[in-house]
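K.L.:
This is my_file.tsv, which holds TSV, C-alpha atoms:
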```
chain	number	residue	atom	x	y	z
A	58	MET	CA	-14.84	4.04	-5.46
A	59	ASP	CA	-12.83	5.58	-2.69
A	60	ILE	CA	-10.91	8.78	-3.24
A	61	GLY	CA	-7.69	9.66	-1.51
A	62	GLN	CA	-6.12	6.51	-0.11
A	63	GLY	CA	-4.44	5.11	-3.16
A	64	SER	CA	-0.76	5.81	-2.87
A	65	ARG	CA	2.20	7.04	-1.00
A	66	VAL	CA	3.20	9.08	-4.09
A	67	ARG	CA	3.93	12.37	-2.45
A	68	SER	CA	1.78	15.35	-3.28
A	69	PHE	CA	4.18	18.01	-2.03
A	70	PRO	CA	7.15	19.65	-3.77
A	71	HIS	CA	10.70	18.78	-2.79
A	72	ILE	CA	12.20	21.46	-0.57
A	73	GLN	CA	15.82	21.47	0.52
A	74	GLY	CA	16.01	20.13	4.08
A	75	ASN	CA	12.70	18.25	3.85
A	76	TYR	CA	12.49	14.46	3.97
A	77	ALA	CA	9.47	12.36	2.95
A	78	LEU	CA	8.19	10.20	5.83
A	79	HIS	CA	6.15	7.05	5.23
A	80	VAL	CA	5.16	4.53	7.95
A	81	PHE	CA	3.96	1.13	6.76
A	82	ILE	CA	3.52	-2.60	7.31
A	83	PRO	CA	5.67	-4.58	4.85
A	84	VAL	CA	3.81	-7.39	3.09
A	85	TYR	CA	5.06	-10.26	0.94
A	86	ILE	CA	2.63	-12.17	-1.26
A	87	PRO	CA	3.00	-15.94	-0.71
A	88	PRO	CA	4.32	-17.91	-3.71
A	89	THR	CA	1.25	-20.17	-3.65
A	90	THR	CA	-0.93	-17.14	-4.44
A	91	MET	CA	1.22	-15.58	-7.16
A	92	LYS	CA	0.08	-17.73	-10.09
A	93	ASN	CA	-3.62	-16.89	-9.73
A	94	LEU	CA	-2.85	-13.23	-9.05
A	95	ALA	CA	-0.60	-13.07	-12.11
A	96	LEU	CA	-3.34	-14.51	-14.34
A	97	PHE	CA	-5.84	-12.01	-12.97
A	98	LEU	CA	-3.52	-9.03	-13.46
A	99	LYS	CA	-2.67	-10.10	-17.00
A	100	ARG	CA	-6.35	-10.20	-17.93
A	101	ILE	CA	-6.87	-6.72	-16.50
A	102	ALA	CA	-3.73	-5.43	-18.25
A	103	LYS	CA	-5.07	-6.57	-21.61
A	104	VAL	CA	-8.08	-4.26	-21.33
A	105	VAL	CA	-6.31	-1.51	-19.35
A	106	PRO	CA	-2.86	-1.48	-21.04
A	107	GLU	CA	-1.77	1.72	-19.27
A	108	LEU	CA	-1.40	-0.11	-15.95
A	109	HIS	CA	2.07	-0.01	-14.36
A	110	VAL	CA	3.64	-1.93	-11.49
A	111	VAL	CA	3.48	0.11	-8.27
A	112	ASP	CA	6.84	1.56	-7.15
A	113	VAL	CA	8.67	0.06	-10.17
A	114	ASP	CA	6.70	1.96	-12.84
A	115	ILE	CA	7.10	-0.75	-15.49
A	116	PRO	CA	4.03	-1.32	-17.71
A	117	LEU	CA	2.30	-4.60	-16.93
A	118	SER	CA	1.84	-5.14	-20.68
A	119	ILE	CA	5.63	-5.42	-21.11
A	120	LEU	CA	5.98	-7.90	-18.25
A	121	CYS	CA	3.19	-10.08	-19.66
A	122	LYS	CA	5.63	-11.43	-22.24
A	123	ASP	CA	7.66	-13.26	-19.56
A	124	ASN	CA	5.73	-15.23	-16.93
A	125	GLN	CA	8.65	-15.63	-14.54
A	126	LYS	CA	9.61	-11.97	-14.75
A	127	PHE	CA	5.98	-10.95	-14.34
A	128	GLU	CA	5.62	-12.81	-11.03
A	129	GLN	CA	9.03	-11.65	-9.82
A	130	VAL	CA	8.60	-7.94	-10.59
A	131	ALA	CA	4.86	-7.46	-10.17
A	132	LEU	CA	4.25	-9.76	-7.21
A	133	GLY	CA	7.54	-10.95	-5.77
A	134	ARG	CA	8.62	-7.70	-4.15
A	135	GLU	CA	7.77	-6.14	-0.81
A	136	VAL	CA	4.50	-4.24	-0.93
A	137	HIS	CA	2.99	-2.29	1.95
A	138	ILE	CA	-0.02	-1.22	3.98
A	139	SER	CA	0.29	2.47	4.78
A	140	LEU	CA	-0.21	3.45	8.42
A	141	GLY	CA	0.08	7.19	7.76
A	142	ARG	CA	0.23	9.73	5.00
A	143	THR	CA	3.50	10.38	3.21
A	144	VAL	CA	4.44	13.78	4.64
A	145	PRO	CA	7.45	16.13	4.60
A	146	ILE	CA	9.47	16.43	7.81
A	147	ARG	CA	12.53	18.43	8.80
A	148	VAL	CA	15.85	16.87	9.73
A	149	HIS	CA	15.51	17.87	13.40
A	150	GLN	CA	12.26	15.87	13.64
A	151	ILE	CA	13.72	12.55	12.50
A	152	ASP	CA	15.15	11.29	15.80
A	153	SER	CA	12.05	12.26	17.74
A	154	ILE	CA	9.68	10.55	15.30
A	155	LEU	CA	11.74	7.36	15.19
A	156	ALA	CA	12.00	7.21	18.98
A	157	MET	CA	8.27	7.72	19.48
A	158	LEU	CA	7.37	5.15	16.83
A	159	ARG	CA	9.64	2.52	18.36
A	160	GLN	CA	8.36	3.22	21.86
A	161	LYS	CA	4.73	3.08	20.75
A	162	PHE	CA	5.05	-0.21	18.87
A	163	SER	CA	7.36	-2.11	21.20
A	164	PRO	CA	6.33	-4.74	21.91
A	165	SER	CA	3.86	-5.59	19.15
A	166	LYS	CA	1.62	-8.65	19.07
A	167	GLN	CA	1.24	-11.18	16.31
A	168	TYR	CA	-1.92	-11.20	14.20
A	169	TRP	CA	-3.09	-12.32	10.76
A	170	ILE	CA	-4.12	-10.08	7.87
A	171	ASP	CA	-6.74	-11.22	5.34
A	172	PHE	CA	-6.89	-9.59	1.91
A	173	THR	CA	-10.42	-10.36	0.77
A	174	LYS	CA	-11.53	-7.60	-1.59
A	175	TRP	CA	-10.35	-6.16	-4.88
A	176	GLU	CA	-10.77	-2.38	-4.90
A	177	VAL	CA	-9.85	0.64	-6.99
A	178	PHE	CA	-8.56	3.83	-5.35
A	179	VAL	CA	-7.76	7.28	-6.72
A	180	ASN	CA	-5.28	9.57	-4.99
A	181	ASP	CA	-6.15	13.01	-3.58
A	182	GLU	CA	-5.08	14.88	-6.70
A	183	ARG	CA	-6.95	12.43	-8.94
A	184	ILE	CA	-3.87	12.01	-11.10
A	185	ARG	CA	-3.35	8.28	-10.42
A	186	SER	CA	-5.70	5.32	-10.10
A	187	PHE	CA	-4.69	2.15	-8.25
A	188	LEU	CA	-5.71	-1.49	-8.33
A	189	ALA	CA	-5.50	-2.81	-4.79
A	190	MET	CA	-6.43	-5.60	-2.39
A	191	GLU	CA	-8.26	-4.31	0.68
A	192	VAL	CA	-8.37	-5.57	4.27
A	193	VAL	CA	-12.02	-5.65	5.33
A	194	ALA	CA	-12.08	-8.32	8.06
A	195	GLY	CA	-9.13	-10.18	9.55
A	196	GLY	CA	-6.51	-7.71	10.76
A	197	LEU	CA	-8.65	-4.62	10.18
A	198	ALA	CA	-9.13	-3.83	13.90
A	199	GLU	CA	-5.43	-4.22	14.64
A	200	ILE	CA	-4.31	-2.10	11.69
A	201	THR	CA	-6.85	0.59	12.57
A	202	ARG	CA	-5.39	0.81	16.09
A	203	GLN	CA	-1.89	1.07	14.64
A	204	ILE	CA	-3.03	3.90	12.37
A	205	GLN	CA	-4.45	5.70	15.39
A	206	SER	CA	-1.09	5.34	17.16
A	207	VAL	CA	0.75	6.80	14.17
A	208	ASN	CA	-1.80	9.63	14.10
A	209	GLU	CA	-0.89	10.49	17.71
A	210	ILE	CA	2.77	10.82	16.76
A	211	TYR	CA	1.95	12.83	13.65
A	212	ARG	CA	-0.28	15.11	15.70
A	213	PHE	CA	2.50	15.68	18.24
A	214	HIS	CA	4.78	16.82	15.40
A	215	ASN	CA	2.08	18.96	13.73
A	216	LEU	CA	1.86	16.61	10.75
A	217	PRO	CA	-1.37	15.85	8.86
A	218	GLU	CA	-3.12	12.76	10.16
A	219	PHE	CA	-4.38	9.82	8.12
A	220	TYR	CA	-7.85	9.63	6.58
A	221	LYS	CA	-10.76	9.63	9.06
A	222	ASP	CA	-12.10	6.34	7.75
A	223	PRO	CA	-8.95	4.44	6.75
A	224	ARG	CA	-9.24	1.51	4.36
A	225	PRO	CA	-6.04	-0.54	4.73
A	226	HIS	CA	-4.85	-2.10	1.48
A	227	ILE	CA	-1.89	-2.96	-0.70
A	228	SER	CA	-1.68	-1.42	-4.18
A	229	LEU	CA	-0.35	-3.61	-6.97
A	230	ALA	CA	-0.76	-1.48	-10.10
A	231	TRP	CA	-1.43	2.11	-11.12
A	232	ALA	CA	-2.53	4.09	-14.15
A	233	SER	CA	-2.22	7.79	-14.87
A	234	GLY	CA	-5.29	9.95	-14.44
A	235	ASN	CA	-8.65	9.32	-12.85
A	236	VAL	CA	-9.51	6.08	-14.69
A	237	GLY	CA	-10.97	4.50	-11.57
A	238	ASP	CA	-14.42	3.95	-13.10
A	239	GLN	CA	-12.98	2.19	-16.14
A	240	LEU	CA	-10.65	0.08	-14.02
A	241	LYS	CA	-13.40	-0.78	-11.54
A	242	LYS	CA	-15.68	-1.88	-14.40
A	243	ARG	CA	-13.03	-4.21	-15.81
A	244	VAL	CA	-12.30	-5.75	-12.41
A	245	THR	CA	-16.01	-6.27	-11.73
A	246	GLU	CA	-16.53	-7.89	-15.12
A	247	ASP	CA	-13.61	-10.26	-14.57
A	248	LEU	CA	-14.82	-11.23	-11.10
A	249	SER	CA	-18.38	-11.67	-12.35
A	250	ALA	CA	-17.09	-14.09	-14.98
A	251	GLY	CA	-15.90	-16.29	-12.14
A	252	THR	CA	-12.21	-16.18	-13.03
A	253	MET	CA	-11.35	-15.16	-9.47
A	254	SER	CA	-13.74	-15.23	-6.54
A	255	GLN	CA	-14.63	-12.01	-4.75
A	256	ASN	CA	-16.30	-13.97	-1.96
A	257	ARG	CA	-13.28	-15.68	-0.46
A	258	CYS	CA	-9.96	-14.54	0.90
A	259	ILE	CA	-7.42	-13.75	-1.81
A	260	PHE	CA	-4.55	-14.47	0.56
A	261	THR	CA	-3.54	-14.24	4.21
A	262	CYS	CA	-0.27	-13.09	5.70
A	263	GLU	CA	1.15	-12.70	9.17
A	264	PHE	CA	1.89	-9.28	10.61
A	265	LYS	CA	5.65	-9.31	11.14
A	266	GLY	CA	6.47	-5.72	11.94
A	267	ILE	CA	6.45	-2.07	10.97
A	268	LYS	CA	8.94	-0.02	8.98
A	269	CYS	CA	9.25	3.58	8.00
A	270	ARG	CA	11.02	5.29	5.14
A	271	ILE	CA	12.54	8.72	5.63
A	272	GLY	CA	13.99	10.14	2.46
A	273	ASN	CA	16.02	7.33	0.90
A	274	LYS	CA	16.62	5.49	4.18
A	275	GLN	CA	14.48	2.71	5.62
A	276	TYR	CA	14.19	2.02	9.36
A	277	LYS	CA	12.81	-0.93	11.34
A	278	ILE	CA	10.27	0.19	13.90
A	279	CYS	CA	9.32	-3.20	15.36
A	280	ASN	CA	9.54	-6.92	14.62
A	281	VAL	CA	7.29	-9.76	15.71
```
Before we go any further, please render this structure as structure tokens.

P.N.:
Amino acid sequence: MDIGQGSRVRSFPHIQGNYALHVFIPVYIPPTTMKNLALFLKRIAKVVPELHVVDVDIPLSILCKDNQKFEQVALGREVHISLGRTVPIRVHQIDSILAMLRQKFSPSKQYWIDFTKWEVFVNDERIRSFLAMEVVAGGLAEITRQIQSVNEIYRFHNLPEFYKDPRPHISLAWASGNVGDQLKKRVTEDLSAGTMSQNRCIFTCEFKGIKCRIGNKQYKICNV
């Protein structure tokens, strides 16, 4: 189990004049994949009822009662691959960071991203555990280079860089506390039962651009 790459939930207190910065690749799960993913998540939610939908914070157990709502809320929204830590910046840094990000990633080339592995992550403070799909092959080299580019911009602005050995992924659900071992066990048992293969790609999507969120505002960095 990997520690420290699970979430963009910020680990710093709000200070007047500070804005949370998060740079990411937006991802949409294809409709053809949603049904199998929904069945898998429902099975996990039955044995780990404290799981919530990432960013919406609604318990999966509540959504399980409505199939259409489950797919729409849990899987039908934009999710993301983080390209940098969520860090606090000052208002005078915003224009500089946006300009450097857009210059660095323009133009950007098309590539495909394969999500092939179910993984469990725990954030730095070990207060949240996350169920995620990890990129371990297709798209990994490209995303790693993009992370390195974001690191350069962070470094220029004296911001903490990303993890030394990044593991790009999208998080779908979270639970309070360090329950990673329990969650990992349940996922492994479900995969071992053959209900969803761990040996083939879960789904593939096309890289279509980069965004960043600063405070409550979202900005387009590049489009493909």

K.L.:
Tell me which of A:Asn273, A:Phe178, A:Phe264, A:Asn280 sits closest to Gly234 of chain A, counting only C-alpha atoms.

P.N.:
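The answer is A:Phe178, which sits nearest to Gly234 of chain A.
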
K.L.:
So which one's closest to Val192 of chain A, A:Ile170, A:Cys279, A:Ile146, A:Ile259? Using only C-alpha atoms, please.

P.N.:
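Of A:Ile170, A:Cys279, A:Ile146, A:Ile259, the one nearest Val192 of chain A, counting only C-alpha atoms, is A:Ile170.
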
K.L.:
Choose the residue, out of A:Tyr220, A:Phe213, A:Tyr276, A:Trp231, that has the smallest atom-to-atom separation from Val80 of chain A; count all atoms listed in the file.

P.N.:
A:Tyr276

K.L.:
Which of these residues is nearest to Ile138 of chain A, using all atoms listed in the file: A:Asn124, A:Thr173, A:Thr201, A:Asn93?

P.N.:
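Checking each of A:Asn124, A:Thr173, A:Thr201, A:Asn93 against Ile138 of chain A, counting all atoms listed in the file, the winner is A:Thr201.
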
K.L.:
Quick one: of A:Val281, A:Val84, A:Lys241, A:Ser186, who's nearest to Glu107 of chain A, counting only C-alpha atoms?

P.N.:
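The shortest atom-to-atom distance to Glu107 of chain A comes from A:Ser186.
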
K.L.:
Interatomic distance between atom CA of Ala102 of chain A and atom CA of Asp171 of chain A?

P.N.:
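Result for atom CA of Ala102 of chain A versus atom CA of Asp171 of chain A: 24.5 Å, one decimal.
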
K.L.:
Could you check which of A:Val244, A:Leu155, A:Ala250, A:Val177 is closest to Val104 of chain A, using all atoms listed in the file?

P.N.:
A:Val244

K.L.:
Using Å and a single decimal, report how far atom CA of Arg142 of chain A sits from atom CA of Gln167 of chain A.

P.N.:
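Distance between the two atoms: 23.8 Å.
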
K.L.:
Please provide as a PyMOL selection string all residues within 12 Å of Arg159 of chain A, with the sequence filter that same-chain residues fewer than 3 positions apart are discarded (counting only C-alpha atoms).

P.N.:
chain A and resi 80+152-156+162-165+206-207+210+266-269+276-280

K.L.:
Give as a list in words each residue that has an atom at most 12 Å from (-14.2, -8.8, 5.6) in the file, counting all atoms listed in the file.

P.N.:
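Residues with an atom close enough to that point: Ile170, Asp171, Phe172, Thr173, Lys174, Trp175, Met190, Glu191, Val192, Val193, Ala194, Gly195, Gly196, Leu197, Ala198, Arg224, Pro225, Gln255, Asn256, Arg257, Cys258 and Ile259 of chain A.
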
K.L.:
Just want the 12 Å neighbourhood of Leu188 of chain A, counted on all atoms listed in the file, with same-chain residues fewer than 5 positions away dropped. Output as JSON, numbers by chain.

P.N.:
{"A": [58, 59, 62, 63, 64, 97, 98, 101, 102, 105, 108, 109, 110, 111, 174, 175, 176, 177, 178, 179, 180, 226, 227, 228, 229, 230, 231, 232, 233, 236, 237, 238, 239, 240, 241, 242, 243, 244, 245]}

K.L.:
What's the separation between atom CA of Lys103 of chain A and atom CA of Asn235 of chain A, in Å to one decimal place?

P.N.:
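Distance reported for this atom pair: 18.5 Å.
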
K.L.:
Which residues are close to segment 130-133 of chain A, i.e. within 7 Å by all atoms listed in the file, leaving aside same-chain residues fewer than 2 positions away? Reply as a tab-separated table (two decimals) with C-alpha atoms, keeping the file's coordinate frame.

P.N.:
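The file below, around_23.tsv, is the result:
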```tsv
chain	number	residue	atom	x	y	z
A	86	ILE	CA	2.63	-12.17	-1.26
A	91	MET	CA	1.22	-15.58	-7.16
A	110	VAL	CA	3.64	-1.93	-11.49
A	126	LYS	CA	9.61	-11.97	-14.75
A	127	PHE	CA	5.98	-10.95	-14.34
A	128	GLU	CA	5.62	-12.81	-11.03
A	135	GLU	CA	7.77	-6.14	-0.81
```

K.L.:
Up to 8 Å from (14.1, 19.2, 9.5) in the file's coordinates: name the residues, counting all atoms listed in the file, as a PyMOL selection string.

P.N.:
chain A and resi 74-76+146-151
